[in-house]
Amino acid sequence: MKQQPLPLTGIRVVDYSHYLAGPFMSRALASMGAEVIKVERPKLGDAGRRHPYFAGEHSGYFLQQNMGKKGLCLDLRQEQGRDLMQRLIKTADVFVENYRPGALKKFGLGYDDLCKVNPRLVYCSVSAYGQTGPDAERAGFGLIAEAKSGAMAMVGTPGEAPPLFRMPLADMYTGAHGIAAICAALLGRERSGEGQHLDLALYDCMVSMHDFAVQAYSLSGGKVMPVRAGSDQPDSTVYGAFPAPDGYLVIAAQVDEIWARLAQLIGGEALAADARFHSAAGRNAHREEVTGLVRTWTGAQPSVAACMAALEAAGVPAAPVQTIDQVMADPQIAARGMILEQDHPELGKIRLPNLPFNFSACEKSTPGIAPDLGQHNAEIAAELGFSEDEIKMMEANGALFASRSVDA
């Protein structure tokens, strides 16, 4: 098969976002072939640059979410900085921002301003609560959306404070929705000739993730209120985490035929023949007894590996609860290329999570490392028509700023 360019080759994205949801979104667009120009403010740039984990002076957080991008750092308080930004917007297909609604209007970077400069622009806004509604102007982070969405109220041990997810669900899920919305808007632009404003909220995206709670509460007339249930699901027995002598594993045997195989494994013909457990409703009604039997069996095995071997032989879906070192060494992850390796000029070989996009007709490539602050100032300014003397003047007066004296 003839190799094709990546699907978004030729699309220019201006990324004026910080922290996570916006940078993750534009990083994904870059992985699909878009040219992404990350625009930052002097002299600190994206706040993600100051977020751990650090290797030397470099933030792994920033390196991960901003690979594959070019770096532009300009001062929008100066006329030349605003002029450069306006010229850049005229050449762009997509603009990504994740500031509080209305915050960019004072710089002339609101949607109403930029669509006049470039009517074909797809402008994607990400905020905690969206551009409308009584909470629109309230500040927020992923944690806020995760708490307000009802998700945190359903996880953890009853009677204890809900745990933090330790993965940025709201930000990453919103970013994934943004990728889909941007691609859809670009396709729509091919038909209409015009761009549009995309309004994404962390809170909205978390609420949209509910696959059971909202239906259960609504369709029961408010009688069913999902609550914390520890390490299993009360309405999907057996579906949860179980202890072994050296760790934990999860078992998914909530389907009748899979339960029959698990029952045969852990209790022989007697348990497999117990009609009380032949239906989902029956297993749910006797949840503590059923999960207790499974817990007793896993605890009696020599190890997680022994549990896994027996479960796999019986055709019961299961997996060990892996730690990050185990994930990094997992042959499946290696086979799928989900940990990419980059050559960093100061840190040497660095390994970071890859993105899960695989295009059969496109060649895979390793994205460039995240840019230094203002690394590509001169290149971008020259491409937009600024002369060498003008660029030097902007560098001298601070309209352009770089963390290093020479662009690389």
# chains A, B, ... in the order shown; residues from 1 in each chain; ligands from 1

$ select_by_dssp --residues "region 101-181 of chain A" --states "strand (DSSP E or B)" --output "PyMOL selection string"
chain A and resi 122-127

$ residues_around --residues "Lys116 (chain A)" --least-positions-apart "3" --cutoff "12 Å" --atoms "only C-alpha atoms" --output "CSV table (one decimal) with all heavy atoms, in the first residue's frame"
chain,number,residue,atom,x,y,z
A,86,GLN,N,-1.8,38.5,14.8
A,86,GLN,CA,-2.8,38.7,13.8
A,86,GLN,C,-2.4,38.0,12.5
A,86,GLN,O,-3.3,37.4,11.8
A,86,GLN,CB,-3.1,40.2,13.6
A,86,GLN,CG,-3.8,40.9,14.8
A,86,GLN,CD,-5.2,40.4,15.0
A,86,GLN,OE1,-6.0,40.4,14.1
A,86,GLN,NE2,-5.6,40.1,16.2
A,89,ILE,N,-2.8,34.3,12.9
A,89,ILE,CA,-4.1,33.8,12.8
A,89,ILE,C,-4.7,33.8,11.4
A,89,ILE,O,-5.5,32.9,11.1
A,89,ILE,CB,-5.0,34.8,13.7
A,89,ILE,CG1,-4.6,34.6,15.2
A,89,ILE,CG2,-6.5,34.5,13.5
A,89,ILE,CD1,-4.8,33.2,15.8
A,90,LYS,N,-4.3,34.7,10.6
A,90,LYS,CA,-4.8,34.7,9.2
A,90,LYS,C,-4.3,33.4,8.4
A,90,LYS,O,-5.0,33.0,7.5
A,90,LYS,CB,-4.2,35.9,8.4
A,90,LYS,CG,-4.9,37.2,8.9
A,90,LYS,CD,-4.3,38.4,8.1
A,90,LYS,CE,-4.9,39.7,8.5
A,90,LYS,NZ,-4.3,40.9,7.8
A,108,GLY,N,-7.8,41.0,22.0
A,108,GLY,CA,-8.4,40.9,20.7
A,108,GLY,C,-8.3,39.5,20.2
A,108,GLY,O,-8.3,39.2,19.0
A,109,LEU,N,-8.3,38.5,21.1
A,109,LEU,CA,-8.2,37.1,20.7
A,109,LEU,C,-9.5,36.3,21.0
A,109,LEU,O,-9.5,35.1,21.0
A,109,LEU,CB,-7.1,36.4,21.4
A,109,LEU,CG,-5.7,37.0,21.1
A,109,LEU,CD1,-4.6,36.2,21.9
A,109,LEU,CD2,-5.4,36.8,19.6
A,110,GLY,N,-10.6,37.0,21.2
A,110,GLY,CA,-11.9,36.3,21.4
A,110,GLY,C,-12.4,35.8,20.0
A,110,GLY,O,-11.9,36.2,19.0
A,111,TYR,N,-13.3,34.9,20.0
A,111,TYR,CA,-13.8,34.3,18.8
A,111,TYR,C,-14.4,35.4,17.9
A,111,TYR,O,-14.1,35.4,16.7
A,111,TYR,CB,-14.9,33.3,19.0
A,111,TYR,CG,-15.5,32.8,17.7
A,111,TYR,CD1,-14.7,32.0,16.8
A,111,TYR,CD2,-16.8,33.1,17.4
A,111,TYR,CE1,-15.2,31.6,15.6
A,111,TYR,CE2,-17.3,32.6,16.2
A,111,TYR,CZ,-16.5,31.9,15.3
A,111,TYR,OH,-17.1,31.5,14.1
A,112,ASP,N,-15.1,36.3,18.4
A,112,ASP,CA,-15.7,37.4,17.6
A,112,ASP,C,-14.7,38.2,16.9
A,112,ASP,O,-14.9,38.7,15.8
A,112,ASP,CB,-16.6,38.3,18.5
A,112,ASP,CG,-17.9,37.5,18.9
A,112,ASP,OD1,-18.2,36.5,18.3
A,112,ASP,OD2,-18.5,38.0,19.9
A,113,ASP,N,-13.5,38.4,17.5
A,113,ASP,CA,-12.4,39.1,16.9
A,113,ASP,C,-11.7,38.3,15.8
A,113,ASP,O,-11.5,38.8,14.7
A,113,ASP,CB,-11.4,39.5,18.0
A,113,ASP,CG,-12.0,40.4,19.1
A,113,ASP,OD1,-12.6,41.4,18.8
A,113,ASP,OD2,-11.9,40.0,20.3
A,119,PRO,N,-12.3,34.1,8.7
A,119,PRO,CA,-13.7,33.5,8.8
A,119,PRO,C,-13.7,32.0,8.7
A,119,PRO,O,-14.6,31.3,9.1
A,119,PRO,CB,-14.4,34.1,7.6
A,119,PRO,CG,-13.7,35.3,7.2
A,119,PRO,CD,-12.3,35.0,7.5
A,120,ARG,N,-12.6,31.4,8.2
A,120,ARG,CA,-12.5,29.9,8.1
A,120,ARG,C,-11.9,29.3,9.4
A,120,ARG,O,-11.8,28.1,9.4
A,120,ARG,CB,-11.6,29.5,6.9
A,120,ARG,CG,-12.3,29.8,5.6
A,120,ARG,CD,-11.4,29.5,4.4
A,120,ARG,NE,-10.8,28.1,4.4
A,120,ARG,CZ,-11.4,27.1,4.0
A,120,ARG,NH1,-12.7,27.1,3.5
A,120,ARG,NH2,-10.8,25.9,4.0
A,121,LEU,N,-11.6,30.1,10.4
A,121,LEU,CA,-11.0,29.6,11.6
A,121,LEU,C,-11.9,28.7,12.4
A,121,LEU,O,-13.0,29.1,12.7
A,121,LEU,CB,-10.5,30.7,12.4
A,121,LEU,CG,-9.6,30.4,13.7
A,121,LEU,CD1,-8.3,29.8,13.2
A,121,LEU,CD2,-9.4,31.6,14.5
A,194,GLU,N,-16.9,28.0,6.0
A,194,GLU,CA,-16.7,28.8,7.2
A,194,GLU,C,-16.3,28.0,8.4
A,194,GLU,O,-16.7,26.8,8.6
A,194,GLU,CB,-18.0,29.6,7.5
A,194,GLU,CG,-18.4,30.5,6.4
A,194,GLU,CD,-19.7,31.3,6.8
A,194,GLU,OE1,-20.3,30.9,7.8
A,194,GLU,OE2,-20.0,32.2,6.1
A,195,GLY,N,-15.6,28.6,9.3
A,195,GLY,CA,-15.2,28.0,10.6
A,195,GLY,C,-16.3,28.2,11.6
A,195,GLY,O,-17.4,28.7,11.3
A,196,GLN,N,-16.0,27.8,12.9
A,196,GLN,CA,-17.0,28.1,13.9
A,196,GLN,C,-16.4,28.0,15.3
A,196,GLN,O,-15.2,27.6,15.4
A,196,GLN,CB,-18.1,27.0,13.8
A,196,GLN,CG,-17.7,25.6,13.9
A,196,GLN,CD,-18.9,24.6,13.8
A,196,GLN,OE1,-19.8,24.6,14.6
A,196,GLN,NE2,-18.8,23.8,12.7

$ closest_residue --among "A:Val117, A:Leu293, A:Ala306, A:Met393" --to "Pro245 (chain A)" --atoms "only C-alpha atoms"
A:Ala306

$ atom_distance --atom1 "CA of Pro356 (chain A)" --atom2 "CA of Leu20 (chain A)"
17.4 Å

$ residues_around --residues "Glu137 (chain A)" --least-positions-apart "5" --cutoff "12 Å" --atoms "only C-alpha atoms" --output "list in words"
Tyr99, Arg100, Pro101, Gly102, Ala103, Ser127, Ala128, Tyr129, Gly130, Gln131, Thr132 and Ala201 of chain A

$ select_by_dssp --residues "region 25-221 of chain A" --states "helix (DSSP H, G or I)" --output "number ranges by chain"
A: 25-31, 47-50, 60-65, 79-91, 105-107, 111-117, 142-148, 152-154, 169-192, 202-208, 213-219

$ residues_around --residues "Ile369 (chain A)" --least-positions-apart "3" --cutoff "7 Å" --atoms "only C-alpha atoms" --output "MDAnalysis selection string"
chainID A and resid 63 67:68 342 344

$ write_last_selection --atoms "C-alpha atoms" --output "PDB file, in the first residue's frame"
ATOM      1  CA  LEU A  63       7.604  17.522  27.569  1.00  0.00           C
ATOM      2  CA  MET A  67       5.976  17.325  21.854  1.00  0.00           C
ATOM      3  CA  GLY A  68       5.732  17.772  18.113  1.00  0.00           C
ATOM      4  CA  GLN A 342      12.984  10.619  22.179  1.00  0.00           C
ATOM      5  CA  HIS A 344      16.685  15.108  24.258  1.00  0.00           C
TER       6      HIS A 344
END

$ closest_residue --among "A:Glu160, A:Asp235, A:Ala305, A:Met172" --to "Val321 (chain A)" --atoms "only C-alpha atoms"
A:Ala305

$ closest_atom_pairs --of "region 215-250 of chain A" --to "region 308-313 of chain A" --cutoff "12 Å" --atoms "only C-alpha atoms" --output "CSV"
residue,atom,partner,partner_atom,distance
A:Phe242,CA,A:Met308,CA,11.7
A:Ala244,CA,A:Met308,CA,10.4
A:Gly247,CA,A:Met308,CA,11.8
A:Tyr248,CA,A:Met308,CA,10.6
A:Leu249,CA,A:Met308,CA,8.1
A:Val250,CA,A:Met308,CA,9.6

$ residues_around --residues "region 348-354 of chain A" --least-positions-apart "2" --cutoff "8 Å" --atoms "only C-alpha atoms" --output "ChimeraX atom specification"
/A:64,337-346,356

$ write_last_selection --atoms "N, CA and C atoms" --output "mmCIF file, in the first residue's frame"
data_model
loop_
_atom_site.group_PDB
_atom_site.id
_atom_site.type_symbol
_atom_site.label_atom_id
_atom_site.label_comp_id
_atom_site.auth_asym_id
_atom_site.auth_seq_id
_atom_site.Cartn_x
_atom_site.Cartn_y
_atom_site.Cartn_z
ATOM 1 N N GLN A 64 5.743 15.967 27.764
ATOM 2 C CA GLN A 64 4.772 15.009 27.245
ATOM 3 C C GLN A 64 3.677 15.690 26.439
ATOM 4 N N GLY A 337 3.736 0.024 20.670
ATOM 5 C CA GLY A 337 4.471 1.275 20.571
ATOM 6 C C GLY A 337 3.926 2.365 21.469
ATOM 7 N N MET A 338 3.399 1.992 22.628
ATOM 8 C CA MET A 338 2.741 2.969 23.482
ATOM 9 C C MET A 338 3.687 3.716 24.421
ATOM 10 N N ILE A 339 4.949 3.356 24.431
ATOM 11 C CA ILE A 339 5.965 4.168 25.108
ATOM 12 C C ILE A 339 6.957 4.600 24.030
ATOM 13 N N LEU A 340 7.006 5.895 23.763
ATOM 14 C CA LEU A 340 7.924 6.349 22.710
ATOM 15 C C LEU A 340 9.209 6.866 23.341
ATOM 16 N N GLU A 341 10.256 6.793 22.582
ATOM 17 C CA GLU A 341 11.581 7.217 23.037
ATOM 18 C C GLU A 341 12.050 8.382 22.203
ATOM 19 N N GLN A 342 12.490 9.433 22.873
ATOM 20 C CA GLN A 342 12.984 10.619 22.179
ATOM 21 C C GLN A 342 14.414 10.916 22.621
ATOM 22 N N ASP A 343 15.155 11.570 21.745
ATOM 23 C CA ASP A 343 16.512 12.015 22.072
ATOM 24 C C ASP A 343 16.446 13.477 22.483
ATOM 25 N N HIS A 344 16.704 13.742 23.746
ATOM 26 C CA HIS A 344 16.685 15.108 24.258
ATOM 27 C C HIS A 344 18.121 15.614 24.344
ATOM 28 N N PRO A 345 18.385 16.839 23.878
ATOM 29 C CA PRO A 345 19.777 17.320 23.832
ATOM 30 C C PRO A 345 20.440 17.428 25.201
ATOM 31 N N GLU A 346 19.661 17.554 26.261
ATOM 32 C CA GLU A 346 20.240 17.669 27.601
ATOM 33 C C GLU A 346 19.998 16.427 28.455
ATOM 34 N N PRO A 356 -2.658 6.833 21.122
ATOM 35 C CA PRO A 356 -3.139 5.544 20.614
ATOM 36 C C PRO A 356 -3.657 5.568 19.188
#

$ decode --residues "region 265-277 of chain A" --atoms "N, CA, C and O atoms" --output "compact mmCIF listing (two decimals), in the first residue's frame"
# COMPACT_ATOMS: atom_id res chain seq x y z
N LEU A 265 -14.47 -23.26 37.96
CA LEU A 265 -13.07 -23.19 38.37
C LEU A 265 -12.93 -23.11 39.89
O LEU A 265 -12.12 -23.83 40.48
N ILE A 266 -13.71 -22.25 40.52
CA ILE A 266 -13.47 -21.99 41.94
C ILE A 266 -14.30 -22.88 42.88
O ILE A 266 -13.97 -23.02 44.06
N GLY A 267 -15.38 -23.51 42.33
CA GLY A 267 -16.23 -24.30 43.21
C GLY A 267 -16.70 -25.61 42.63
O GLY A 267 -17.51 -26.30 43.26
N GLY A 268 -16.24 -25.94 41.44
CA GLY A 268 -16.59 -27.21 40.83
C GLY A 268 -18.06 -27.29 40.44
O GLY A 268 -18.76 -26.28 40.34
N GLU A 269 -18.54 -28.51 40.22
CA GLU A 269 -19.91 -28.72 39.73
C GLU A 269 -20.96 -28.18 40.69
O GLU A 269 -22.00 -27.68 40.28
N ALA A 270 -20.69 -28.27 41.99
CA ALA A 270 -21.69 -27.83 42.97
C ALA A 270 -21.99 -26.35 42.81
O ALA A 270 -23.17 -25.93 42.80
N LEU A 271 -20.95 -25.50 42.70
CA LEU A 271 -21.17 -24.07 42.55
C LEU A 271 -21.73 -23.75 41.17
O LEU A 271 -22.63 -22.91 41.03
N ALA A 272 -21.21 -24.41 40.15
CA ALA A 272 -21.70 -24.15 38.79
C ALA A 272 -23.18 -24.50 38.66
O ALA A 272 -23.91 -23.88 37.87
N ALA A 273 -23.66 -25.47 39.44
CA ALA A 273 -25.05 -25.90 39.35
C ALA A 273 -25.98 -25.09 40.26
O ALA A 273 -27.21 -25.26 40.19
N ASP A 274 -25.44 -24.22 41.10
CA ASP A 274 -26.27 -23.45 42.04
C ASP A 274 -27.13 -22.45 41.27
O ASP A 274 -26.63 -21.43 40.77
N ALA A 275 -28.42 -22.72 41.17
CA ALA A 275 -29.33 -21.91 40.36
C ALA A 275 -29.48 -20.50 40.87
O ALA A 275 -29.90 -19.60 40.12
N ARG A 276 -29.15 -20.24 42.13
CA ARG A 276 -29.26 -18.88 42.66
C ARG A 276 -28.36 -17.91 41.89
O ARG A 276 -28.65 -16.70 41.84
N PHE A 277 -27.30 -18.43 41.32
CA PHE A 277 -26.30 -17.57 40.70
C PHE A 277 -26.34 -17.62 39.17
O PHE A 277 -25.44 -17.08 38.52
